[in-house]
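**Q** Structure supplied as input12.tsv; contents: TSV, C-alpha atoms (C1' of nucleotides).
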```tsv
chain	number	residue	atom	x	y	z
A	1	MET	CA	24.32	-22.49	21.62
A	2	ILE	CA	20.84	-21.49	20.42
A	3	THR	CA	18.10	-23.65	21.87
A	4	ASP	CA	15.10	-21.59	20.79
A	5	ALA	CA	15.58	-19.18	17.92
A	6	ARG	CA	12.03	-17.84	18.15
A	7	VAL	CA	12.73	-15.77	21.24
A	8	LEU	CA	15.47	-13.93	19.36
A	9	GLN	CA	13.08	-12.80	16.64
A	10	PRO	CA	11.99	-9.18	16.76
A	11	GLU	CA	8.32	-10.11	16.52
A	12	PHE	CA	8.39	-12.49	19.47
A	13	ILE	CA	5.84	-11.56	22.14
A	14	PRO	CA	6.89	-12.75	25.60
A	15	SER	CA	4.29	-14.03	28.02
A	16	GLU	CA	5.45	-11.54	30.62
A	17	VAL	CA	6.84	-8.10	29.95
A	18	GLN	CA	9.29	-6.17	32.06
A	19	HIS	CA	9.79	-2.54	33.03
A	20	ARG	CA	6.67	-1.27	31.42
A	21	ASP	CA	4.26	-1.64	34.34
A	22	ALA	CA	3.02	1.92	34.14
A	23	GLU	CA	2.44	1.72	30.40
A	24	VAL	CA	0.85	-1.70	30.65
A	25	ASN	CA	-1.54	-0.53	33.36
A	26	HIS	CA	-2.33	2.64	31.51
A	27	LEU	CA	-3.11	0.83	28.29
A	28	SER	CA	-5.16	-1.90	29.88
A	29	SER	CA	-7.24	0.56	31.85
A	30	ALA	CA	-7.81	2.55	28.67
A	31	LEU	CA	-9.15	-0.61	27.07
A	32	ASP	CA	-11.12	-1.57	30.13
A	33	PRO	CA	-14.54	-0.49	28.78
A	34	ILE	CA	-14.30	-3.46	26.42
A	35	THR	CA	-14.73	-5.88	29.29
A	36	SER	CA	-18.15	-4.40	29.91
A	37	GLY	CA	-19.05	-4.36	26.26
A	38	GLN	CA	-18.35	-0.68	25.63
A	39	SER	CA	-16.15	1.08	23.12
A	40	PRO	CA	-13.09	2.81	24.51
A	41	ASN	CA	-11.55	5.92	22.99
A	42	PRO	CA	-8.59	5.41	20.69
A	43	VAL	CA	-5.24	5.03	22.39
A	44	LEU	CA	-2.04	6.48	20.98
A	45	LEU	CA	1.30	4.90	21.83
A	46	HIS	CA	4.28	7.00	20.90
A	47	GLY	CA	8.00	7.00	21.52
A	48	PRO	CA	11.31	6.04	19.91
A	49	SER	CA	11.81	2.75	18.13
A	50	GLY	CA	12.73	-0.25	20.19
A	51	ALA	CA	10.89	1.10	23.24
A	52	GLY	CA	8.37	-1.74	23.31
A	53	LYS	CA	5.29	-0.05	21.84
A	54	THR	CA	4.34	-2.80	19.41
A	55	CYS	CA	5.24	-5.52	21.85
A	56	ILE	CA	3.16	-4.06	24.68
A	57	ALA	CA	0.19	-3.39	22.42
A	58	GLN	CA	0.13	-6.97	21.21
A	59	PHE	CA	0.78	-8.30	24.68
A	60	ILE	CA	-2.16	-6.39	26.15
A	61	VAL	CA	-4.53	-7.32	23.38
A	62	GLU	CA	-3.53	-10.95	23.74
A	63	ARG	CA	-4.19	-10.78	27.47
A	64	LEU	CA	-7.52	-9.13	26.84
A	65	ARG	CA	-8.48	-11.95	24.51
A	66	GLU	CA	-7.65	-14.48	27.14
A	67	THR	CA	-9.68	-12.84	29.88
A	68	THR	CA	-12.61	-11.49	27.92
A	69	VAL	CA	-14.93	-13.72	26.00
A	70	ASP	CA	-16.00	-11.57	23.15
A	71	VAL	CA	-13.04	-9.76	21.68
A	72	THR	CA	-11.45	-10.06	18.31
A	73	SER	CA	-8.33	-8.23	17.27
A	74	GLN	CA	-6.13	-7.51	14.33
A	75	TYR	CA	-2.65	-6.14	13.91
A	76	VAL	CA	-2.09	-3.88	10.90
A	77	ASN	CA	1.28	-2.53	9.92
A	78	CYS	CA	0.50	0.63	8.01
A	79	TRP	CA	3.89	0.62	6.37
A	80	ASP	CA	3.07	-2.59	4.57
A	81	ASP	CA	-0.60	-1.76	4.13
A	82	HIS	CA	-0.39	1.96	3.58
A	83	THR	CA	-3.20	2.46	1.11
A	84	ARG	CA	-6.78	2.92	2.13
A	85	PHE	CA	-7.79	-0.27	0.41
A	86	LYS	CA	-5.12	-2.46	1.94
A	87	THR	CA	-5.65	-1.16	5.45
A	88	LEU	CA	-9.38	-1.73	5.24
A	89	TYR	CA	-8.81	-5.13	3.71
A	90	ARG	CA	-6.51	-6.14	6.54
A	91	ILE	CA	-9.00	-4.94	9.11
A	92	LEU	CA	-11.83	-6.87	7.47
A	93	ASP	CA	-9.56	-9.86	7.29
A	94	GLY	CA	-9.48	-9.91	11.07
A	95	ILE	CA	-13.22	-10.51	11.19
A	96	ASP	CA	-13.31	-12.97	8.29
A	97	GLU	CA	-15.11	-10.59	6.01
A	98	THR	CA	-12.71	-10.87	3.11
A	99	ALA	CA	-13.88	-14.06	1.45
A	100	THR	CA	-15.87	-12.17	-1.14
A	101	ILE	CA	-13.58	-9.18	-1.51
A	102	HIS	CA	-11.38	-8.98	-4.55
A	103	ARG	CA	-8.91	-6.27	-5.21
A	104	GLN	CA	-10.00	-5.62	-8.75
A	105	SER	CA	-13.69	-5.60	-8.41
A	106	THR	CA	-14.60	-4.40	-4.96
A	107	PRO	CA	-14.60	-0.65	-4.53
A	108	THR	CA	-13.02	0.72	-1.39
A	109	ASP	CA	-16.30	2.31	-0.36
A	110	HIS	CA	-17.76	-1.13	-0.24
A	111	LEU	CA	-15.09	-2.25	2.20
A	112	LEU	CA	-15.92	0.57	4.54
A	113	GLU	CA	-19.59	-0.26	4.18
A	114	ARG	CA	-18.84	-3.82	5.24
A	115	LEU	CA	-17.00	-2.62	8.27
A	116	ARG	CA	-19.82	-0.28	9.25
A	117	ASN	CA	-22.23	-3.19	9.09
A	118	TYR	CA	-20.10	-5.23	11.41
A	119	ASP	CA	-22.06	-6.15	14.49
A	120	GLY	CA	-19.91	-8.81	16.07
A	121	PRO	CA	-18.01	-8.63	19.35
A	122	SER	CA	-15.66	-5.79	20.29
A	123	TYR	CA	-12.94	-5.45	17.75
A	124	VAL	CA	-9.52	-4.08	18.66
A	125	VAL	CA	-7.36	-2.93	15.79
A	126	ILE	CA	-3.69	-2.11	16.28
A	127	LEU	CA	-2.51	0.35	13.64
A	128	ASP	CA	1.28	0.25	13.81
A	129	GLU	CA	3.35	2.95	12.11
A	130	VAL	CA	0.09	4.79	11.62
A	131	ASP	CA	1.90	7.88	10.32
A	132	GLN	CA	2.64	5.90	7.15
A	133	LEU	CA	-1.03	5.79	6.25
A	134	ASP	CA	-1.61	7.57	2.92
A	135	ASP	CA	-5.10	8.66	3.71
A	136	LYS	CA	-5.41	9.86	7.28
A	137	ASP	CA	-9.14	10.45	6.80
A	138	LEU	CA	-9.50	6.73	7.15
A	139	LEU	CA	-8.79	7.16	10.87
A	140	TYR	CA	-11.82	9.38	11.12
A	141	GLU	CA	-14.00	6.80	9.42
A	142	LEU	CA	-12.64	4.03	11.60
A	143	TYR	CA	-13.25	6.20	14.62
A	144	ARG	CA	-16.92	6.18	13.79
A	145	VAL	CA	-17.28	2.43	13.30
A	146	ARG	CA	-19.26	0.90	16.11
A	147	ASN	CA	-17.53	-1.64	18.31
A	148	LEU	CA	-14.15	-0.89	16.82
A	149	SER	CA	-11.36	0.34	19.05
A	150	MET	CA	-8.04	1.56	17.80
A	151	ILE	CA	-4.56	1.40	19.22
A	152	LEU	CA	-2.44	3.77	17.18
A	153	ILE	CA	1.34	3.45	17.24
A	154	THR	CA	3.81	6.03	15.98
A	155	ASN	CA	7.35	7.16	16.57
A	156	SER	CA	6.52	10.81	16.49
A	157	GLU	CA	3.18	12.08	17.64
A	158	GLU	CA	4.04	15.56	16.40
A	159	ASP	CA	4.42	14.30	12.84
A	160	LEU	CA	1.20	12.36	13.09
A	161	PHE	CA	-0.87	15.25	14.35
A	162	ALA	CA	0.70	17.61	11.84
A	163	ALA	CA	-0.63	15.33	9.10
A	164	LEU	CA	-4.19	15.32	10.42
A	165	ASP	CA	-6.80	17.89	9.55
A	166	SER	CA	-8.54	19.88	12.25
A	167	ARG	CA	-11.49	17.54	12.41
A	168	LEU	CA	-9.30	14.56	13.20
A	169	ASN	CA	-7.09	16.60	15.45
A	170	SER	CA	-9.98	17.46	17.69
A	171	ARG	CA	-11.24	13.88	17.71
A	172	LEU	CA	-7.90	12.41	18.56
A	173	SER	CA	-6.62	15.18	20.78
A	174	ASN	CA	-8.54	13.77	23.70
A	175	CYS	CA	-7.57	10.18	23.09
A	176	VAL	CA	-5.38	8.47	25.64
A	177	ARG	CA	-1.72	9.07	24.86
A	178	ILE	CA	0.95	6.88	26.34
A	179	HIS	CA	4.56	7.82	25.92
A	180	PHE	CA	7.24	5.14	25.77
A	181	ARG	CA	10.73	6.30	26.64
A	182	SER	CA	13.86	4.43	25.64
A	183	TYR	CA	14.94	1.66	27.97
A	184	HIS	CA	17.70	2.25	30.49
A	185	ASP	CA	20.70	-0.04	30.29
A	186	ASP	CA	19.74	-2.04	33.36
A	187	GLU	CA	16.28	-2.61	31.92
A	188	LEU	CA	17.74	-3.86	28.69
A	189	VAL	CA	19.97	-6.16	30.71
A	190	SER	CA	17.04	-7.90	32.32
A	191	ILE	CA	15.13	-8.07	29.04
A	192	LEU	CA	18.18	-9.68	27.46
A	193	GLN	CA	18.64	-12.04	30.38
A	194	ASP	CA	15.12	-13.33	29.85
A	195	ARG	CA	15.82	-14.00	26.20
A	196	VAL	CA	19.09	-15.67	27.09
A	197	SER	CA	17.46	-18.01	29.57
A	198	TRP	CA	14.64	-18.85	27.14
A	199	GLY	CA	16.67	-19.28	24.02
A	200	LEU	CA	20.33	-20.00	24.68
A	201	ASP	CA	22.36	-22.71	26.36
A	202	PRO	CA	23.06	-21.99	30.03
A	203	GLY	CA	26.36	-20.23	30.39
A	204	ALA	CA	26.40	-19.08	26.78
A	205	ILE	CA	26.91	-15.50	27.90
A	206	ASP	CA	27.90	-13.94	31.21
A	207	THR	CA	26.55	-10.84	32.90
A	208	GLY	CA	29.35	-8.70	31.55
A	209	GLY	CA	28.45	-9.73	28.02
A	210	VAL	CA	24.80	-8.90	28.50
A	211	GLU	CA	25.75	-5.52	29.94
A	212	LEU	CA	27.96	-4.81	26.99
A	213	ILE	CA	25.14	-5.58	24.56
A	214	ALA	CA	22.78	-3.35	26.52
A	215	SER	CA	25.23	-0.50	26.44
A	216	ASN	CA	25.85	-0.91	22.72
A	217	ALA	CA	22.13	-0.89	22.03
A	218	ALA	CA	21.66	2.61	23.43
A	219	GLY	CA	18.18	2.06	24.82
A	220	ASP	CA	16.75	0.25	21.82
A	221	ALA	CA	15.46	-3.21	22.69
A	222	ARG	CA	15.17	-4.24	19.07
A	223	VAL	CA	18.84	-3.45	18.52
A	224	ALA	CA	19.79	-5.23	21.73
A	225	ILE	CA	18.02	-8.41	20.74
A	226	GLY	CA	19.46	-8.12	17.25
A	227	ILE	CA	22.98	-7.95	18.65
A	228	LEU	CA	22.30	-10.94	20.88
A	229	LYS	CA	20.98	-12.93	17.95
A	230	ARG	CA	23.92	-12.13	15.70
A	231	ALA	CA	26.42	-12.76	18.46
A	232	ALA	CA	24.88	-16.15	19.24
A	233	ARG	CA	24.93	-17.13	15.59
A	234	THR	CA	28.53	-16.03	15.17
A	235	ALA	CA	29.60	-17.94	18.26
A	236	ALA	CA	27.77	-21.02	17.01
A	237	ASN	CA	29.44	-20.78	13.62
A	238	ASN	CA	32.84	-20.56	15.29
A	239	ASN	CA	32.03	-23.58	17.40
A	240	ALA	CA	32.53	-21.45	20.49
A	241	ASP	CA	30.43	-22.24	23.56
A	242	THR	CA	30.38	-18.69	24.89
A	243	ILE	CA	29.64	-15.26	23.49
A	244	THR	CA	32.73	-13.20	24.15
A	245	PRO	CA	32.98	-9.40	24.35
A	246	SER	CA	34.98	-9.35	21.14
A	247	ILE	CA	32.20	-11.17	19.27
A	248	ILE	CA	29.71	-8.65	20.62
A	249	GLN	CA	31.82	-5.71	19.49
A	250	GLU	CA	32.34	-7.33	16.12
A	251	VAL	CA	28.65	-7.87	15.36
A	252	THR	CA	27.25	-4.66	16.82
A	253	PRO	CA	27.62	-2.52	13.68
A	254	ALA	CA	26.08	-5.24	11.53
A	255	ALA	CA	23.19	-5.66	13.93
A	256	LYS	CA	22.53	-1.94	13.84
A	257	SER	CA	22.66	-1.80	10.07
A	258	ASP	CA	20.35	-4.83	9.88
A	259	ILE	CA	17.57	-2.59	11.03
A	260	GLN	CA	18.44	0.15	8.56
A	261	GLN	CA	18.69	-2.54	5.91
A	262	GLN	CA	15.19	-3.76	6.69
A	263	THR	CA	13.98	-0.30	5.84
A	264	LEU	CA	16.03	-0.17	2.65
A	265	ASP	CA	14.73	-3.57	1.58
A	266	ARG	CA	11.27	-2.08	1.44
A	267	LEU	CA	12.33	0.44	-1.21
A	268	THR	CA	12.04	0.02	-4.96
A	269	PRO	CA	15.27	0.14	-7.01
A	270	HIS	CA	14.57	3.74	-8.04
A	271	GLN	CA	13.98	4.82	-4.48
A	272	GLU	CA	17.09	3.03	-3.33
A	273	LEU	CA	19.18	4.73	-6.01
A	274	LEU	CA	17.96	8.13	-4.86
A	275	TYR	CA	18.83	7.18	-1.32
A	276	ASP	CA	22.30	6.09	-2.45
A	277	ILE	CA	22.91	9.34	-4.31
A	278	VAL	CA	21.90	11.47	-1.35
A	279	THR	CA	24.03	9.33	0.97
A	280	GLU	CA	27.05	9.55	-1.31
A	281	HIS	CA	26.82	13.31	-1.60
A	282	GLY	CA	25.90	13.97	1.98
A	283	THR	CA	24.13	17.10	0.87
A	284	ILE	CA	22.66	17.73	-2.55
A	285	GLU	CA	20.20	20.15	-4.11
A	286	PRO	CA	17.18	18.92	-6.11
A	287	ARG	CA	18.46	19.78	-9.59
A	288	ARG	CA	21.77	17.97	-9.20
A	289	LEU	CA	20.05	15.08	-7.51
A	290	TYR	CA	17.67	14.61	-10.40
A	291	ASP	CA	20.48	14.89	-12.96
A	292	ALA	CA	22.58	12.37	-11.11
A	293	TYR	CA	19.60	10.08	-10.91
A	294	CYS	CA	18.93	10.31	-14.66
A	295	ASP	CA	22.58	9.55	-15.39
A	296	ARG	CA	22.50	6.34	-13.46
A	297	VAL	CA	19.26	4.76	-14.55
A	298	ASP	CA	18.06	3.50	-17.90
A	299	SER	CA	14.52	4.78	-17.96
A	300	PRO	CA	14.24	7.51	-15.37
A	301	LYS	CA	10.93	8.39	-13.80
A	302	SER	CA	9.60	11.88	-14.15
A	303	GLN	CA	10.67	14.67	-11.86
A	304	ARG	CA	7.25	14.54	-10.34
A	305	MET	CA	7.62	10.90	-9.39
A	306	VAL	CA	11.10	11.48	-8.03
A	307	ARG	CA	9.61	14.12	-5.78
A	308	ASN	CA	7.12	11.55	-4.54
A	309	TYR	CA	9.96	9.15	-3.83
A	310	LEU	CA	11.94	11.79	-2.01
A	311	SER	CA	9.10	12.76	0.25
A	312	LYS	CA	8.64	9.10	0.98
A	313	LEU	CA	12.31	8.69	1.86
A	314	GLU	CA	12.05	11.72	4.07
A	315	HIS	CA	9.00	10.31	5.76
A	316	TYR	CA	10.89	7.09	6.42
A	317	ASN	CA	13.70	9.12	8.01
A	318	LEU	CA	16.17	7.87	5.45
A	319	ILE	CA	16.98	11.36	4.25
A	320	ARG	CA	16.32	14.84	5.54
A	321	ALA	CA	14.91	17.72	3.51
A	322	GLU	CA	15.79	21.25	4.48
A	323	GLY	CA	14.71	24.67	3.29
A	324	ASN	CA	11.52	25.38	1.52
A	325	THR	CA	11.45	26.30	-2.11
A	326	LYS	CA	14.47	27.78	-3.83
A	327	ASP	CA	16.99	26.75	-1.23
A	328	ARG	CA	15.80	23.20	-0.71
A	329	VAL	CA	18.60	20.70	-0.08
A	330	TYR	CA	18.52	17.03	0.77
A	331	HIS	CA	20.76	15.62	3.47
A	332	ALA	CA	21.83	12.12	4.22
A	333	VAL	CA	20.72	10.91	7.62
A	334	THR	CA	23.95	10.13	9.39
A	335	SER	CA	23.34	8.51	12.74
A	336	SER	CA	21.10	5.57	11.98
A	337	VAL	CA	17.87	4.75	13.87
B	338	DC	C1'	13.17	27.14	-8.67
B	339	DC	C1'	10.91	23.96	-6.15
B	340	DT	C1'	6.93	22.21	-3.81
B	341	DG	C1'	2.37	20.00	-2.67
B	342	DA	C1'	-2.30	19.27	-4.31
B	343	DC	C1'	-5.06	17.62	-7.80
B	344	DA	C1'	-6.95	15.36	-11.77
B	345	DG	C1'	-6.49	12.11	-15.07
B	346	DC	C1'	-4.05	8.27	-17.74
B	347	DC	C1'	-2.58	3.64	-18.19
B	348	DC	C1'	-1.65	-1.03	-16.62
B	349	DG	C1'	-2.42	-5.51	-14.61
B	350	DG	C1'	-5.66	-8.51	-13.37
B	351	DG	C1'	-10.23	-10.53	-11.27
B	352	DA	C1'	-15.18	-11.18	-12.12
B	353	DG	C1'	-18.94	-12.05	-14.67
B	354	DA	C1'	-21.15	-11.94	-19.18
B	355	DA	C1'	-20.98	-13.49	-23.65
B	356	DA	C1'	-19.63	-16.37	-27.15
B	357	DC	C1'	-18.21	-20.57	-28.54
B	358	DC	C1'	-17.98	-25.52	-29.02
B	359	DA	C1'	-19.01	-30.43	-28.52
C	360	DT	C1'	-27.36	-28.52	-22.75
C	361	DG	C1'	-23.28	-27.85	-20.25
C	362	DG	C1'	-18.64	-26.88	-20.11
C	363	DT	C1'	-14.92	-23.90	-21.73
C	364	DT	C1'	-12.83	-19.95	-23.64
C	365	DT	C1'	-12.91	-15.12	-24.74
C	366	DC	C1'	-14.38	-10.48	-23.95
C	367	DT	C1'	-15.63	-6.48	-21.49
C	368	DC	C1'	-15.87	-3.91	-17.53
C	369	DC	C1'	-14.11	-2.18	-13.47
C	370	DC	C1'	-10.91	-1.60	-9.70
C	371	DG	C1'	-6.59	0.09	-7.19
C	372	DG	C1'	-2.24	1.80	-7.73
C	373	DG	C1'	1.70	3.73	-10.09
C	374	DC	C1'	2.67	7.39	-12.66
C	375	DT	C1'	2.56	12.01	-14.98
C	376	DG	C1'	1.40	16.94	-16.22
C	377	DT	C1'	-0.41	21.08	-14.56
C	378	DC	C1'	-0.92	24.77	-11.59
C	379	DA	C1'	-0.96	27.97	-7.77
C	380	DG	C1'	2.03	29.44	-4.15
C	381	DG	C1'	6.19	30.60	-1.69
```
Translate the structure of the given file into structure tokens.
**A**
Amino acid sequence: MITDARVLQPEFIPSEVQHRDAEVNHLSSALDPITSGQSPNPVLLHGPSGAGKTCIAQFIVERLRETTVDVTSQYVNCWDDHTRFKTLYRILDGIDETATIHRQSTPTDHLLERLRNYDGPSYVVILDEVDQLDDKDLLYELYRVRNLSMILITNSEEDLFAALDSRLNSRLSNCVRIHFRSYHDDELVSILQDRVSWGLDPGAIDTGGVELIASNAAGDARVAIGILKRAARTAANNNADTITPSIIQEVTPAAKSDIQQQTLDRLTPHQELLYDIVTEHGTIEPRRLYDAYCDRVDSPKSQRMVRNYLSKLEHYNLIRAEGNTKDRVYHAVTSSV
DNA sequence: CCTGACAGCCCGGGAGAAACCA
DNA sequence: TGGTTTCTCCCGGGCTGTCAGG
């Protein structure tokens, strides 16, 4: 059934991409100054999840590296590396400057200093989920580093710009912005067909099956590939040689919750409990939420910390906060992703 | 009442100095 | 002397209390 599992992984970067010609051209022309040794303005990719932002960014940078002699690059996921220190560390890691950096004894200022002293070839840094960055001022400092170009990726450009101060706003307001819309069903179909031909036995799934997956995925390529992967695994486990519509329907909910689960896996137990409580109640006000939380945990964190957690959950789109002060309530986020 | 901003505390842990030992 | 262990310092990051503001 599965001949190459790699192509069913979410992080797989194909050697050719489909249905994003305009975005690809736009992005590569924005980065074009690099080929003549100049520094391009930052580029902002925004749009819903599963629309190909990360994939296209990495694809373009990879292509740039193949055609241009002097380019280095680094991918940073700001969700994983959300502190100033970790982001800078990751960026320095891309230019092999980390050998003498140690978390406990190298001040963050020193990291930035290192980066400023960098005088190697053009350096392209992809900052994925950039809205998760704790300290947005870092963007301003990175903006001013010579030879460093940034590709910023975010789901919501409004949220990102709302979190920036005026200084950064004016710097980044004239950067190149490229919007990625959700895929149409027929586009997902051909994306899926590529993956099928690269990674599955011939005849493992027919056109109708691929169309069904595309329609279930509702424009999200990550979901679509997730459904395909689960369906192929299920079929293989059942010793079936084809992926039937009933298998697809059966695994679709699980594939969708996989993605939600990946988010939940990144939470600490305390954060997850808060998420559970909000989800169970549907709607809950802060006081009751904190009481419920204290009831269910041995050594509860302070109210202050719980507020930190809640704003984090809200930022991750796992819960929704409504109303300002007195009438604040927290809502569960119903329709996932 | 609840929030976000801010300052400061404590903890774990690496580095380098200091102390120790053979 | 040279190798090993211990100590001290310093860092980032998690956490908390406070406070002004709505």
**Q** Expressed in Å to a single decimal, how great is the separation between CA of Ile205 in chain A and CA of Phe180 in chain A?
**A** 28.6 Å
**Q** Mind running chain A against chain C at 12 Å and telling me each contacting residue's nearest atom pair with the distance in Å (one decimal), counting all atoms listed in the file, chain and number ascending, as JSON lines?
**A**
```
{"residue": "A:His82", "atom": "CA", "partner": "C:DG372", "partner_atom": "C1'", "distance": 11.5}
{"residue": "A:Thr83", "atom": "CA", "partner": "C:DG372", "partner_atom": "C1'", "distance": 8.9}
{"residue": "A:Arg84", "atom": "CA", "partner": "C:DG371", "partner_atom": "C1'", "distance": 9.7}
{"residue": "A:Phe85", "atom": "CA", "partner": "C:DG371", "partner_atom": "C1'", "distance": 7.7}
{"residue": "A:Lys86", "atom": "CA", "partner": "C:DG371", "partner_atom": "C1'", "distance": 9.6}
{"residue": "A:Ile101", "atom": "CA", "partner": "C:DC370", "partner_atom": "C1'", "distance": 11.5}
{"residue": "A:His102", "atom": "CA", "partner": "C:DC370", "partner_atom": "C1'", "distance": 9.0}
{"residue": "A:Arg103", "atom": "CA", "partner": "C:DC370", "partner_atom": "C1'", "distance": 6.8}
{"residue": "A:Gln104", "atom": "CA", "partner": "C:DC370", "partner_atom": "C1'", "distance": 4.2}
{"residue": "A:Ser105", "atom": "CA", "partner": "C:DC370", "partner_atom": "C1'", "distance": 5.0}
{"residue": "A:Thr106", "atom": "CA", "partner": "C:DC370", "partner_atom": "C1'", "distance": 6.6}
{"residue": "A:Pro107", "atom": "CA", "partner": "C:DC370", "partner_atom": "C1'", "distance": 6.4}
{"residue": "A:Thr108", "atom": "CA", "partner": "C:DG371", "partner_atom": "C1'", "distance": 8.7}
{"residue": "A:Asp109", "atom": "CA", "partner": "C:DC370", "partner_atom": "C1'", "distance": 11.5}
{"residue": "A:His110", "atom": "CA", "partner": "C:DC370", "partner_atom": "C1'", "distance": 11.7}
{"residue": "A:Pro300", "atom": "CA", "partner": "C:DC374", "partner_atom": "C1'", "distance": 11.9}
{"residue": "A:Lys301", "atom": "CA", "partner": "C:DC374", "partner_atom": "C1'", "distance": 8.4}
{"residue": "A:Ser302", "atom": "CA", "partner": "C:DT375", "partner_atom": "C1'", "distance": 7.1}
{"residue": "A:Gln303", "atom": "CA", "partner": "C:DT375", "partner_atom": "C1'", "distance": 9.1}
{"residue": "A:Arg304", "atom": "CA", "partner": "C:DT375", "partner_atom": "C1'", "distance": 7.1}
{"residue": "A:Met305", "atom": "CA", "partner": "C:DC374", "partner_atom": "C1'", "distance": 6.9}
{"residue": "A:Val306", "atom": "CA", "partner": "C:DC374", "partner_atom": "C1'", "distance": 10.5}
{"residue": "A:Arg307", "atom": "CA", "partner": "C:DT375", "partner_atom": "C1'", "distance": 11.8}
{"residue": "A:Asn308", "atom": "CA", "partner": "C:DC374", "partner_atom": "C1'", "distance": 10.2}
{"residue": "A:Tyr309", "atom": "CA", "partner": "C:DC374", "partner_atom": "C1'", "distance": 11.6}
{"residue": "A:Gly323", "atom": "CA", "partner": "C:DG381", "partner_atom": "C1'", "distance": 11.5}
{"residue": "A:Asn324", "atom": "CA", "partner": "C:DG381", "partner_atom": "C1'", "distance": 8.1}
{"residue": "A:Thr325", "atom": "CA", "partner": "C:DG381", "partner_atom": "C1'", "distance": 6.8}
{"residue": "A:Lys326", "atom": "CA", "partner": "C:DG381", "partner_atom": "C1'", "distance": 9.0}
{"residue": "A:Asp327", "atom": "CA", "partner": "C:DG381", "partner_atom": "C1'", "distance": 11.5}
```
**Q** Specify as a list in words all residues of chain B found within 8 Å of chain A, counting all atoms listed in the file.
**A** DC338, DC339, DT340, DG350, DG351 and DA352 of chain B
**Q** Just give me the gap between CA of Leu8 in chain A and CA of Glu211 in chain A in Å, one decimal is fine.
**A** 17.0 Å
**Q** Looking at all atoms listed in the file, which of A:Ala232, A:Met1, A:Leu138, A:Ile60 is the one that sits closest to Leu88 in chain A?
**A**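 Result for the nearest residue to Leu88 in chain A: A:Leu138.
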**Q** So which residues touch Asp70 in chain A within 8 Å, counting all atoms listed in the file, skipping near sequence neighbours fewer than 2 positions away, as a PyMOL selection string?
**A** chain A and resi 65+68+72+121-122
**Q** Report, in Å with one decimal, the straight-line distance from CA of His331 in chain A to CA of Lys136 in chain A.
**A**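 Here the two named atoms are 27.1 Å from each other.
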**Q** Could range 293-304 of chain A be completed with N, CA and C atoms and written as a PDB file, in the coordinates of the input, please?
**A**
```pdb
ATOM      1  N   TYR A 293      20.503  11.226 -10.828  1.00  0.00           N
ATOM      2  CA  TYR A 293      19.600  10.080 -10.910  1.00  0.00           C
ATOM      3  C   TYR A 293      19.397   9.648 -12.364  1.00  0.00           C
ATOM      4  N   CYS A 294      19.159  10.630 -13.249  1.00  0.00           N
ATOM      5  CA  CYS A 294      18.930  10.310 -14.660  1.00  0.00           C
ATOM      6  C   CYS A 294      20.169   9.675 -15.293  1.00  0.00           C
ATOM      7  N   ASP A 295      21.349  10.117 -14.849  1.00  0.00           N
ATOM      8  CA  ASP A 295      22.580   9.550 -15.390  1.00  0.00           C
ATOM      9  C   ASP A 295      22.714   8.075 -15.075  1.00  0.00           C
ATOM     10  N   ARG A 296      22.169   7.675 -13.947  1.00  0.00           N
ATOM     11  CA  ARG A 296      22.500   6.340 -13.460  1.00  0.00           C
ATOM     12  C   ARG A 296      21.381   5.335 -13.656  1.00  0.00           C
ATOM     13  N   VAL A 297      20.351   5.702 -14.369  1.00  0.00           N
ATOM     14  CA  VAL A 297      19.260   4.760 -14.550  1.00  0.00           C
ATOM     15  C   VAL A 297      18.823   4.768 -16.009  1.00  0.00           C
ATOM     16  N   ASP A 298      18.391   3.618 -16.492  1.00  0.00           N
ATOM     17  CA  ASP A 298      18.060   3.500 -17.900  1.00  0.00           C
ATOM     18  C   ASP A 298      16.824   4.307 -18.294  1.00  0.00           C
ATOM     19  N   SER A 299      15.729   4.035 -17.633  1.00  0.00           N
ATOM     20  CA  SER A 299      14.520   4.780 -17.960  1.00  0.00           C
ATOM     21  C   SER A 299      14.060   5.530 -16.711  1.00  0.00           C
ATOM     22  N   PRO A 300      14.549   6.756 -16.583  1.00  0.00           N
ATOM     23  CA  PRO A 300      14.240   7.510 -15.370  1.00  0.00           C
ATOM     24  C   PRO A 300      12.759   7.862 -15.266  1.00  0.00           C
ATOM     25  N   LYS A 301      12.290   7.919 -14.042  1.00  0.00           N
ATOM     26  CA  LYS A 301      10.930   8.390 -13.800  1.00  0.00           C
ATOM     27  C   LYS A 301      10.913   9.910 -13.928  1.00  0.00           C
ATOM     28  N   SER A 302       9.718  10.432 -14.003  1.00  0.00           N
ATOM     29  CA  SER A 302       9.600  11.880 -14.150  1.00  0.00           C
ATOM     30  C   SER A 302      10.059  12.587 -12.878  1.00  0.00           C
ATOM     31  N   GLN A 303      10.309  13.866 -13.029  1.00  0.00           N
ATOM     32  CA  GLN A 303      10.670  14.670 -11.860  1.00  0.00           C
ATOM     33  C   GLN A 303       9.585  14.572 -10.788  1.00  0.00           C
ATOM     34  N   ARG A 304       8.363  14.580 -11.283  1.00  0.00           N
ATOM     35  CA  ARG A 304       7.250  14.540 -10.340  1.00  0.00           C
ATOM     36  C   ARG A 304       7.308  13.294  -9.471  1.00  0.00           C
TER      37      ARG A 304
END
```
